[in-house]
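Structure record follows, encoded as structure tokens.
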Amino acid sequence: MKTKLILGAAALALIAGTASAAELKFKPGEDAKFNWKSYEDFKSGHDLKGQSLTIFGPWRGEDQVLFESVLDYFRDVTGADVKYSSSENYEQQIVIDTQAGSPPDVAILPQPGLIADLASKGYLSPLSEGTDKWLLDNYAAGQSWVDLSTYAGKDGQKALYAFPYKIDVKSLVWYVPENFEDAGYEVPKTMEELKALTDKIVADGGTPWCIGLGSGGATGWPATDWVEDMMLRTQPADTYDKWVTNAIPFTDPAVVGAIDEFGFFAKNPKYVDGGTQAVSSTDFRDSPKGLFASPPKCYLHHQASFIPSFFPEGTKVGEDADFFYMPPYASKPDLGNPVLGAGTLAMITKDTPASRAFLDFLKTPIAHEVWMAQSSFLTPYKGVNLDTYANAPMKKQGDILLNATTFRFDGSDLMPGKIGAGAFWTGMIDYVGGKPAADVAADIQKSWDSIK
């Protein structure tokens, strides 16, 4: 593994060396939709000529190319020699490197649990004073991002150790606009309306939902997203936080209730294409295909922003298929507009002027807009120009983030692996198979209690 990483880093160093001389993707000052003032303002006080910066992150392939295009602007404005590297097993590699005393200057990771572990062992440096206030002022649902970025250090004291950058949205329901138009259906704005639409489709002789939990050894995971979304729509955010840390057990009525909220949709054979028995046996990659059948085998599909990768070839999102925000309950206005998602967080693993400058660079609109203008990038940063999004669907998802009153990270990813990537998955299969929610919750909690 180490040999492979060293060879990979050498190749990337060559790429980085040539990238600094490459033309910037968008020439500064030419396109008025970019915030070039933020770029020019950043230049003062950030002369890093002769200094190097190493960044280690999860992005490979096309995502790496896109991130490199952002790094080009940091190289250009500071003069720093920036080298980015990744690894197929980046979670293990960052642990190896930090323990060996040879960490990168900056690490970017999508696992808050791993970040918490690194912070607790003293491998991270707190971010600059005032970063928490910056997030509160500049990110929609700012307190959520401060909470997500705050961890206990080696001394047990909590501090802001991470900066959220590049976010994914999971609270989405997919549909085919033409099918809605033909049937006279409207996009629901509340959970009550979504449930009413579900019943209306059945009354009209159709099937409302396509749901598939199959995923090989990971079968069951799509149901965890459902339950997490329903937790955020039925309970306050602090209840969600207590749940994912085991401060309240799975057997708590709030959790059992959220499981049964999922069951409202998944356990009624009239509501699901193929009936309830098809929920567990249908692969999640195949489950949205019913949206595109003629006549439709279903009208609605709950899944994260990545699912168009499994739509029929040539499907245009925004035209042939579209999505809406998984709505909140009108009867629970105090819960606001919660959004479930995931994302990456940047942190300082070697405290240098260059690493701190890079974290400051992530506060500029340009560091977001350059990637936004290409593809596959969402941000809750209120200071960006939404018109820089590469297309209308990305802008629409960006709007969902900006309208969020609460953002919470995927709960199963915050739980211990034995639970979030184990007992929770299998429990959802048992539940869809007919086991009562209370019994399923008790089984999952028993697994959690067994962790020493």
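Numbering starts fresh at 1 for the residues of each chain in the structure tokens, the chains themselves are lettered A, B, ... in the order given, and ligands are numbered from 1 as they appear.
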Skip segment 53-60 of chain A itself and residues of its chain fewer than 5 positions away, then list as a VMD selection string all residues within 7 Å of it, counting only C-alpha atoms. chain A and resid 80 to 86 90 104 to 109 354 to 355
May I have the selected residues written with C-alpha atoms, as a PDB file, in the first residue's frame?
```
ATOM      1  CA  ALA A  80       2.646  28.035  -3.421  1.00  0.00           C
ATOM      2  CA  ASP A  81       3.768  24.656  -4.717  1.00  0.00           C
ATOM      3  CA  VAL A  82       0.648  22.545  -4.097  1.00  0.00           C
ATOM      4  CA  LYS A  83       0.589  18.762  -4.369  1.00  0.00           C
ATOM      5  CA  TYR A  84      -2.644  16.806  -3.999  1.00  0.00           C
ATOM      6  CA  SER A  85      -2.780  13.050  -3.522  1.00  0.00           C
ATOM      7  CA  SER A  86      -5.341  10.409  -2.707  1.00  0.00           C
ATOM      8  CA  TYR A  90      -7.655   6.881   1.981  1.00  0.00           C
ATOM      9  CA  PRO A 104      -0.069  15.962   4.841  1.00  0.00           C
ATOM     10  CA  ASP A 105      -0.458  19.648   5.637  1.00  0.00           C
ATOM     11  CA  VAL A 106      -4.198  19.456   4.979  1.00  0.00           C
ATOM     12  CA  ALA A 107      -6.488  16.422   5.011  1.00  0.00           C
ATOM     13  CA  ILE A 108      -9.991  16.363   3.553  1.00  0.00           C
ATOM     14  CA  LEU A 109     -12.307  13.577   4.680  1.00  0.00           C
ATOM     15  CA  ALA A 354       0.362  27.497   3.794  1.00  0.00           C
ATOM     16  CA  SER A 355      -2.165  25.153   5.421  1.00  0.00           C
TER      17      SER A 355
END
```
Members of segment 106-317 of chain A assigned strand (DSSP E or B) by DSSP, as a PyMOL selection string: chain A and resi 106-109+125+139+150-152+158-160+163-169+172-175+209+214+272+283+300-302+317
Those residues you just picked out, can you put them in a file as a tab-separated table (two decimals), in the first residue's frame with C-alpha atoms?
```
chain	number	residue	atom	x	y	z
A	106	VAL	CA	-4.20	19.46	4.98
A	107	ALA	CA	-6.49	16.42	5.01
A	108	ILE	CA	-9.99	16.36	3.55
A	109	LEU	CA	-12.31	13.58	4.68
A	125	SER	CA	-4.86	21.71	14.85
A	139	TYR	CA	-23.34	29.20	5.80
A	150	THR	CA	-16.50	20.84	16.38
A	151	TYR	CA	-14.63	17.96	18.07
A	152	ALA	CA	-12.94	17.19	21.36
A	158	LYS	CA	-13.91	21.05	22.20
A	159	ALA	CA	-12.74	23.22	19.34
A	160	LEU	CA	-13.52	23.83	15.67
A	163	PHE	CA	-14.22	23.25	7.53
A	164	PRO	CA	-17.16	21.88	5.50
A	165	TYR	CA	-16.49	21.97	1.76
A	166	LYS	CA	-18.41	20.16	-1.03
A	167	ILE	CA	-21.73	18.89	0.31
A	168	ASP	CA	-24.18	16.24	-0.90
A	169	VAL	CA	-27.97	16.30	-0.46
A	172	LEU	CA	-34.73	14.25	-2.40
A	173	VAL	CA	-37.75	12.61	-4.05
A	174	TRP	CA	-37.43	11.86	-7.77
A	175	TYR	CA	-40.24	11.84	-10.34
A	209	TRP	CA	-43.39	4.33	-5.01
A	214	GLY	CA	-30.74	-4.43	-2.37
A	272	VAL	CA	-44.73	-0.08	-3.74
A	283	ASP	CA	-31.42	-3.65	-6.12
A	300	LEU	CA	-41.98	8.57	-6.80
A	301	HIS	CA	-38.52	7.48	-5.68
A	302	HIS	CA	-36.59	8.62	-2.58
A	317	VAL	CA	-32.38	15.67	-15.26
```
Please identify the alpha helix (DSSP H) residues within segment 100-314 of chain A (assignment by DSSP from backbone atoms) and present them as number ranges by chain. A: 112-120, 131-138, 142-149, 177-183, 191-203, 221-234, 237-244, 253-266, 276-281
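For segment 238-254 of chain A, the set of protein, DNA and RNA residues having any atom at most 6 Å away, when counting only C-alpha atoms and skipping those fewer than 4 positions along the same chain, is Gly411, Met415, Ala441, Ala442 and Gln445 of chain A.
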Write out as an mmCIF file with N, CA, C and O atoms, in the first residue's frame each polymer residue whose atoms come within 9 Å of Thr405 of chain A, counting only C-alpha atoms; drop sequence neighbours fewer than 4 positions from it.
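The new file result.cif reads:
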```cif
data_model
loop_
_atom_site.group_PDB
_atom_site.id
_atom_site.type_symbol
_atom_site.label_atom_id
_atom_site.label_comp_id
_atom_site.auth_asym_id
_atom_site.auth_seq_id
_atom_site.Cartn_x
_atom_site.Cartn_y
_atom_site.Cartn_z
ATOM 1 N N ALA A 140 -25.690 28.785 5.330
ATOM 2 C CA ALA A 140 -27.081 28.557 5.708
ATOM 3 C C ALA A 140 -27.122 27.434 6.735
ATOM 4 O O ALA A 140 -26.352 26.476 6.643
ATOM 5 N N ALA A 141 -28.033 27.553 7.707
ATOM 6 C CA ALA A 141 -28.072 26.607 8.831
ATOM 7 C C ALA A 141 -26.707 26.561 9.511
ATOM 8 O O ALA A 141 -26.183 25.505 9.855
ATOM 9 N N GLY A 142 -26.121 27.745 9.727
ATOM 10 C CA GLY A 142 -24.752 27.861 10.204
ATOM 11 C C GLY A 142 -24.436 27.084 11.468
ATOM 12 O O GLY A 142 -23.362 26.491 11.573
ATOM 13 N N SER A 144 -25.617 24.317 12.423
ATOM 14 C CA SER A 144 -25.444 22.910 12.077
ATOM 15 C C SER A 144 -24.017 22.627 11.629
ATOM 16 O O SER A 144 -23.428 21.592 11.979
ATOM 17 N N LEU A 335 -39.931 22.491 13.450
ATOM 18 C CA LEU A 335 -38.786 21.714 12.970
ATOM 19 C C LEU A 335 -38.170 22.298 11.706
ATOM 20 O O LEU A 335 -37.126 21.834 11.242
ATOM 21 N N GLY A 336 -38.815 23.319 11.126
ATOM 22 C CA GLY A 336 -38.240 24.021 9.988
ATOM 23 C C GLY A 336 -38.080 23.161 8.746
ATOM 24 O O GLY A 336 -38.892 22.280 8.466
ATOM 25 N N ASN A 337 -36.990 23.426 8.002
ATOM 26 C CA ASN A 337 -36.682 22.692 6.766
ATOM 27 C C ASN A 337 -35.386 21.910 6.951
ATOM 28 O O ASN A 337 -34.307 22.367 6.567
ATOM 29 N N PRO A 338 -35.458 20.713 7.539
ATOM 30 C CA PRO A 338 -34.244 19.935 7.752
ATOM 31 C C PRO A 338 -33.754 19.271 6.469
ATOM 32 O O PRO A 338 -34.550 18.857 5.629
ATOM 33 N N VAL A 339 -32.451 19.186 6.321
ATOM 34 C CA VAL A 339 -31.854 18.525 5.164
ATOM 35 C C VAL A 339 -30.880 17.463 5.655
ATOM 36 O O VAL A 339 -30.023 17.732 6.512
ATOM 37 N N LEU A 401 -30.070 23.502 -0.041
ATOM 38 C CA LEU A 401 -29.104 23.725 1.035
ATOM 39 C C LEU A 401 -29.248 25.118 1.637
ATOM 40 O O LEU A 401 -29.176 25.291 2.852
#
```
Neighbour list for Asp286 of chain A as JSON, numbers by chain, cut-off 10 Å, only C-alpha atoms, skip fewer than 3 positions in-chain: {"A": [210, 211, 212, 213, 214, 282, 283, 289, 290, 310, 311]}
Those selected residues, please, written with all heavy atoms and delivered as a JSON list (two decimals), in the first residue's frame.
```json
[["chain", "number", "residue", "atom", "x", "y", "z"],
["A", 210, "CYS", "N", -41.39, 3.44, -5.99],
["A", 210, "CYS", "CA", -40.40, 2.40, -6.27],
["A", 210, "CYS", "C", -39.39, 2.47, -5.12],
["A", 210, "CYS", "O", -38.82, 3.54, -4.85],
["A", 210, "CYS", "CB", -39.67, 2.66, -7.58],
["A", 210, "CYS", "SG", -40.60, 2.17, -9.05],
["A", 211, "ILE", "N", -39.20, 1.36, -4.43],
["A", 211, "ILE", "CA", -38.25, 1.30, -3.31],
["A", 211, "ILE", "C", -37.44, 0.03, -3.45],
["A", 211, "ILE", "O", -38.00, -1.06, -3.58],
["A", 211, "ILE", "CB", -38.97, 1.31, -1.95],
["A", 211, "ILE", "CG1", -39.87, 2.54, -1.81],
["A", 211, "ILE", "CG2", -37.94, 1.27, -0.80],
["A", 211, "ILE", "CD1", -40.70, 2.56, -0.53],
["A", 212, "GLY", "N", -36.12, 0.16, -3.44],
["A", 212, "GLY", "CA", -35.24, -1.01, -3.51],
["A", 212, "GLY", "C", -34.14, -0.89, -2.49],
["A", 212, "GLY", "O", -33.43, 0.12, -2.45],
["A", 213, "LEU", "N", -33.97, -1.91, -1.66],
["A", 213, "LEU", "CA", -32.95, -1.88, -0.61],
["A", 213, "LEU", "C", -31.77, -2.79, -0.90],
["A", 213, "LEU", "O", -30.82, -2.85, -0.13],
["A", 213, "LEU", "CB", -33.57, -2.31, 0.73],
["A", 213, "LEU", "CG", -34.82, -1.56, 1.20],
["A", 213, "LEU", "CD1", -35.22, -2.02, 2.60],
["A", 213, "LEU", "CD2", -34.62, -0.05, 1.17],
["A", 214, "GLY", "N", -31.82, -3.50, -2.05],
["A", 214, "GLY", "CA", -30.74, -4.43, -2.37],
["A", 214, "GLY", "C", -29.44, -3.73, -2.70],
["A", 214, "GLY", "O", -29.43, -2.72, -3.43],
["A", 282, "THR", "N", -35.24, -5.94, -4.49],
["A", 282, "THR", "CA", -34.90, -5.08, -5.62],
["A", 282, "THR", "C", -33.62, -4.32, -5.35],
["A", 282, "THR", "O", -33.49, -3.67, -4.30],
["A", 282, "THR", "CB", -36.04, -4.09, -5.93],
["A", 282, "THR", "OG1", -37.24, -4.81, -6.19],
["A", 282, "THR", "CG2", -35.69, -3.22, -7.13],
["A", 283, "ASP", "N", -32.67, -4.39, -6.26],
["A", 283, "ASP", "CA", -31.42, -3.65, -6.12],
["A", 283, "ASP", "C", -31.71, -2.16, -6.21],
["A", 283, "ASP", "O", -32.50, -1.71, -7.04],
["A", 283, "ASP", "CB", -30.44, -4.07, -7.22],
["A", 283, "ASP", "CG", -29.04, -3.55, -6.96],
["A", 283, "ASP", "OD1", -28.80, -2.34, -7.20],
["A", 283, "ASP", "OD2", -28.19, -4.34, -6.54],
["A", 289, "LYS", "N", -36.05, 2.42, -12.09],
["A", 289, "LYS", "CA", -36.41, 2.17, -13.50],
["A", 289, "LYS", "C", -37.92, 2.23, -13.73],
["A", 289, "LYS", "O", -38.37, 2.57, -14.83],
["A", 289, "LYS", "CB", -35.87, 0.81, -13.94],
["A", 289, "LYS", "CG", -34.34, 0.78, -14.05],
["A", 289, "LYS", "CD", -33.81, -0.59, -14.46],
["A", 289, "LYS", "CE", -32.29, -0.58, -14.58],
["A", 289, "LYS", "NZ", -31.75, -1.93, -14.91],
["A", 290, "GLY", "N", -38.70, 1.90, -12.70],
["A", 290, "GLY", "CA", -40.15, 1.94, -12.84],
["A", 290, "GLY", "C", -40.70, 3.32, -13.15],
["A", 290, "GLY", "O", -41.79, 3.45, -13.73],
["A", 310, "PHE", "N", -28.02, 5.99, -12.47],
["A", 310, "PHE", "CA", -28.66, 4.71, -12.77],
["A", 310, "PHE", "C", -29.98, 4.88, -13.52],
["A", 310, "PHE", "O", -30.75, 3.93, -13.66],
["A", 310, "PHE", "CB", -28.88, 3.93, -11.47],
["A", 310, "PHE", "CG", -27.60, 3.71, -10.70],
["A", 310, "PHE", "CD1", -27.32, 4.45, -9.57],
["A", 310, "PHE", "CD2", -26.65, 2.80, -11.15],
["A", 310, "PHE", "CE1", -26.13, 4.28, -8.88],
["A", 310, "PHE", "CE2", -25.45, 2.62, -10.47],
["A", 310, "PHE", "CZ", -25.19, 3.36, -9.34],
["A", 311, "PHE", "N", -30.24, 6.09, -13.99],
["A", 311, "PHE", "CA", -31.41, 6.32, -14.85],
["A", 311, "PHE", "C", -31.08, 5.80, -16.25],
["A", 311, "PHE", "O", -29.90, 5.63, -16.60],
["A", 311, "PHE", "CB", -31.75, 7.80, -14.91],
["A", 311, "PHE", "CG", -32.36, 8.37, -13.65],
["A", 311, "PHE", "CD1", -32.54, 9.75, -13.51],
["A", 311, "PHE", "CD2", -32.76, 7.55, -12.60],
["A", 311, "PHE", "CE1", -33.10, 10.28, -12.36],
["A", 311, "PHE", "CE2", -33.31, 8.07, -11.44],
["A", 311, "PHE", "CZ", -33.48, 9.45, -11.33]]
```
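The nearest approach to Gly422 of chain A among the residues A:Leu345, A:Leu378, A:Val384, A:Ala218, with only C-alpha atoms taken into account, belongs to A:Ala218.
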For Ala304 of chain A, which of A:Asn391, A:Phe324, A:Pro333, A:Thr406 is the closest residue, counting only C-alpha atoms? A:Phe324
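Rounded to one decimal, atom CA of Gly434 of chain A and atom CA of Glu192 of chain A lie 24.9 Å from each other.
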Excluding segment 186-191 of chain A and residues on its chain fewer than 5 positions from it, collect all residues at most 9 Å away from it, counting only C-alpha atoms, and give them as a JSON list (two decimals) with all heavy atoms, in the first residue's frame.
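Below is the file result-v4.json, written as the result:
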```json
[["chain", "number", "residue", "atom", "x", "y", "z"],
["A", 180, "PHE", "N", -46.37, 13.20, -14.08],
["A", 180, "PHE", "CA", -47.17, 14.05, -13.20],
["A", 180, "PHE", "C", -48.16, 14.88, -14.00],
["A", 180, "PHE", "O", -49.32, 15.03, -13.64],
["A", 180, "PHE", "CB", -46.24, 14.96, -12.38],
["A", 180, "PHE", "CG", -45.89, 14.44, -11.02],
["A", 180, "PHE", "CD1", -45.48, 13.12, -10.84],
["A", 180, "PHE", "CD2", -45.96, 15.25, -9.90],
["A", 180, "PHE", "CE1", -45.15, 12.63, -9.60],
["A", 180, "PHE", "CE2", -45.64, 14.78, -8.64],
["A", 180, "PHE", "CZ", -45.23, 13.46, -8.48],
["A", 181, "GLU", "N", -47.67, 15.43, -15.11],
["A", 181, "GLU", "CA", -48.53, 16.28, -15.94],
["A", 181, "GLU", "C", -49.69, 15.47, -16.53],
["A", 181, "GLU", "O", -50.84, 15.92, -16.50],
["A", 181, "GLU", "CB", -47.70, 16.90, -17.07],
["A", 181, "GLU", "CG", -48.47, 17.91, -17.91],
["A", 181, "GLU", "CD", -47.61, 18.56, -18.98],
["A", 181, "GLU", "OE1", -46.36, 18.42, -18.91],
["A", 181, "GLU", "OE2", -48.18, 19.19, -19.88],
["A", 196, "ALA", "N", -50.88, 12.28, 1.06],
["A", 196, "ALA", "CA", -52.16, 12.38, 0.33],
["A", 196, "ALA", "C", -51.96, 12.02, -1.14],
["A", 196, "ALA", "O", -52.81, 11.35, -1.75],
["A", 196, "ALA", "CB", -52.75, 13.78, 0.47],
["A", 197, "LEU", "N", -50.85, 12.47, -1.73],
["A", 197, "LEU", "CA", -50.54, 12.13, -3.12],
["A", 197, "LEU", "C", -50.34, 10.63, -3.27],
["A", 197, "LEU", "O", -50.80, 10.03, -4.25],
["A", 197, "LEU", "CB", -49.29, 12.88, -3.59],
["A", 197, "LEU", "CG", -48.75, 12.53, -4.98],
["A", 197, "LEU", "CD1", -49.81, 12.82, -6.06],
["A", 197, "LEU", "CD2", -47.46, 13.28, -5.28],
["A", 233, "ARG", "N", -37.83, 14.93, 10.41],
["A", 233, "ARG", "CA", -39.13, 15.54, 10.13],
["A", 233, "ARG", "C", -40.15, 15.29, 11.24],
["A", 233, "ARG", "O", -41.25, 15.84, 11.19],
["A", 233, "ARG", "CB", -39.67, 15.02, 8.78],
["A", 233, "ARG", "CG", -39.00, 15.73, 7.62],
["A", 233, "ARG", "CD", -38.90, 14.92, 6.35],
["A", 233, "ARG", "NE", -38.16, 15.70, 5.35],
["A", 233, "ARG", "CZ", -36.84, 15.89, 5.37],
["A", 233, "ARG", "NH1", -36.11, 15.35, 6.33],
["A", 233, "ARG", "NH2", -36.25, 16.63, 4.45],
["A", 324, "PHE", "N", -37.81, 16.83, -6.06],
["A", 324, "PHE", "CA", -38.24, 17.87, -5.13],
["A", 324, "PHE", "C", -37.72, 17.54, -3.74],
["A", 324, "PHE", "O", -37.35, 16.39, -3.45],
["A", 324, "PHE", "CB", -39.76, 18.06, -5.14],
["A", 324, "PHE", "CG", -40.58, 16.83, -4.82],
["A", 324, "PHE", "CD1", -40.87, 16.48, -3.50],
["A", 324, "PHE", "CD2", -41.09, 16.04, -5.85],
["A", 324, "PHE", "CE1", -41.64, 15.36, -3.21],
["A", 324, "PHE", "CE2", -41.87, 14.93, -5.56],
["A", 324, "PHE", "CZ", -42.15, 14.58, -4.24],
["A", 325, "TYR", "N", -37.66, 18.56, -2.92],
["A", 325, "TYR", "CA", -37.19, 18.41, -1.54],
["A", 325, "TYR", "C", -38.17, 17.54, -0.76],
["A", 325, "TYR", "O", -39.37, 17.74, -0.82],
["A", 325, "TYR", "CB", -37.09, 19.81, -0.92],
["A", 325, "TYR", "CG", -36.98, 19.88, 0.57],
["A", 325, "TYR", "CD1", -35.89, 19.32, 1.24],
["A", 325, "TYR", "CD2", -37.96, 20.54, 1.31],
["A", 325, "TYR", "CE1", -35.79, 19.42, 2.62],
["A", 325, "TYR", "CE2", -37.86, 20.64, 2.70],
["A", 325, "TYR", "CZ", -36.77, 20.07, 3.34],
["A", 325, "TYR", "OH", -36.68, 20.16, 4.70],
["A", 326, "MET", "N", -37.64, 16.54, -0.05],
["A", 326, "MET", "CA", -38.46, 15.71, 0.83],
["A", 326, "MET", "C", -39.08, 16.63, 1.88],
["A", 326, "MET", "O", -38.39, 17.16, 2.74],
["A", 326, "MET", "CB", -37.58, 14.65, 1.51],
["A", 326, "MET", "CG", -38.31, 13.71, 2.43],
["A", 326, "MET", "SD", -39.20, 12.45, 1.49],
["A", 326, "MET", "CE", -39.35, 11.15, 2.71],
["A", 327, "PRO", "N", -40.41, 16.84, 1.80],
["A", 327, "PRO", "CA", -40.99, 17.95, 2.56],
["A", 327, "PRO", "C", -41.15, 17.67, 4.05],
["A", 327, "PRO", "O", -41.22, 16.51, 4.48],
["A", 327, "PRO", "CB", -42.35, 18.13, 1.88],
["A", 327, "PRO", "CG", -42.69, 16.77, 1.35],
["A", 327, "PRO", "CD", -41.39, 16.16, 0.95],
["A", 328, "PRO", "N", -41.22, 18.74, 4.84],
["A", 328, "PRO", "CA", -41.46, 18.61, 6.27],
["A", 328, "PRO", "C", -42.97, 18.53, 6.55],
["A", 328, "PRO", "O", -43.78, 18.77, 5.66],
["A", 328, "PRO", "CB", -40.89, 19.90, 6.84],
["A", 328, "PRO", "CG", -41.13, 20.90, 5.75],
["A", 328, "PRO", "CD", -40.99, 20.14, 4.45],
["A", 329, "TYR", "N", -43.31, 18.22, 7.77],
["A", 329, "TYR", "CA", -44.72, 18.22, 8.18],
["A", 329, "TYR", "C", -45.19, 19.65, 8.42],
["A", 329, "TYR", "O", -44.55, 20.41, 9.14],
["A", 329, "TYR", "CB", -44.89, 17.41, 9.47],
["A", 329, "TYR", "CG", -45.05, 15.93, 9.26],
["A", 329, "TYR", "CD1", -43.97, 15.07, 9.39],
["A", 329, "TYR", "CD2", -46.30, 15.39, 8.95],
["A", 329, "TYR", "CE1", -44.11, 13.71, 9.19],
["A", 329, "TYR", "CE2", -46.45, 14.03, 8.75],
["A", 329, "TYR", "CZ", -45.35, 13.19, 8.89],
["A", 329, "TYR", "OH", -45.51, 11.84, 8.69],
["A", 330, "ALA", "N", -46.33, 20.00, 7.84],
["A", 330, "ALA", "CA", -46.93, 21.30, 8.13],
["A", 330, "ALA", "C", -47.35, 21.38, 9.59],
["A", 330, "ALA", "O", -47.36, 22.47, 10.19],
["A", 330, "ALA", "CB", -48.15, 21.52, 7.23]]
```
Write out as JSON, numbers by chain which residues come within 12 Å of Pro222 of chain A when counting only C-alpha atoms, dropping same-chain ones fewer than 4 positions away. {"A": [170, 171, 211, 212, 213, 214, 215, 218, 226, 227, 228, 229, 262, 266, 279, 280, 282, 283, 284, 285, 287, 301, 302, 303, 304, 307, 410, 412, 420, 421, 424, 425, 426, 428, 429]}
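One distance worth recording is that between atom CA of Thr98 of chain A and atom CA of Glu68 of chain A, which is 23.4 Å.
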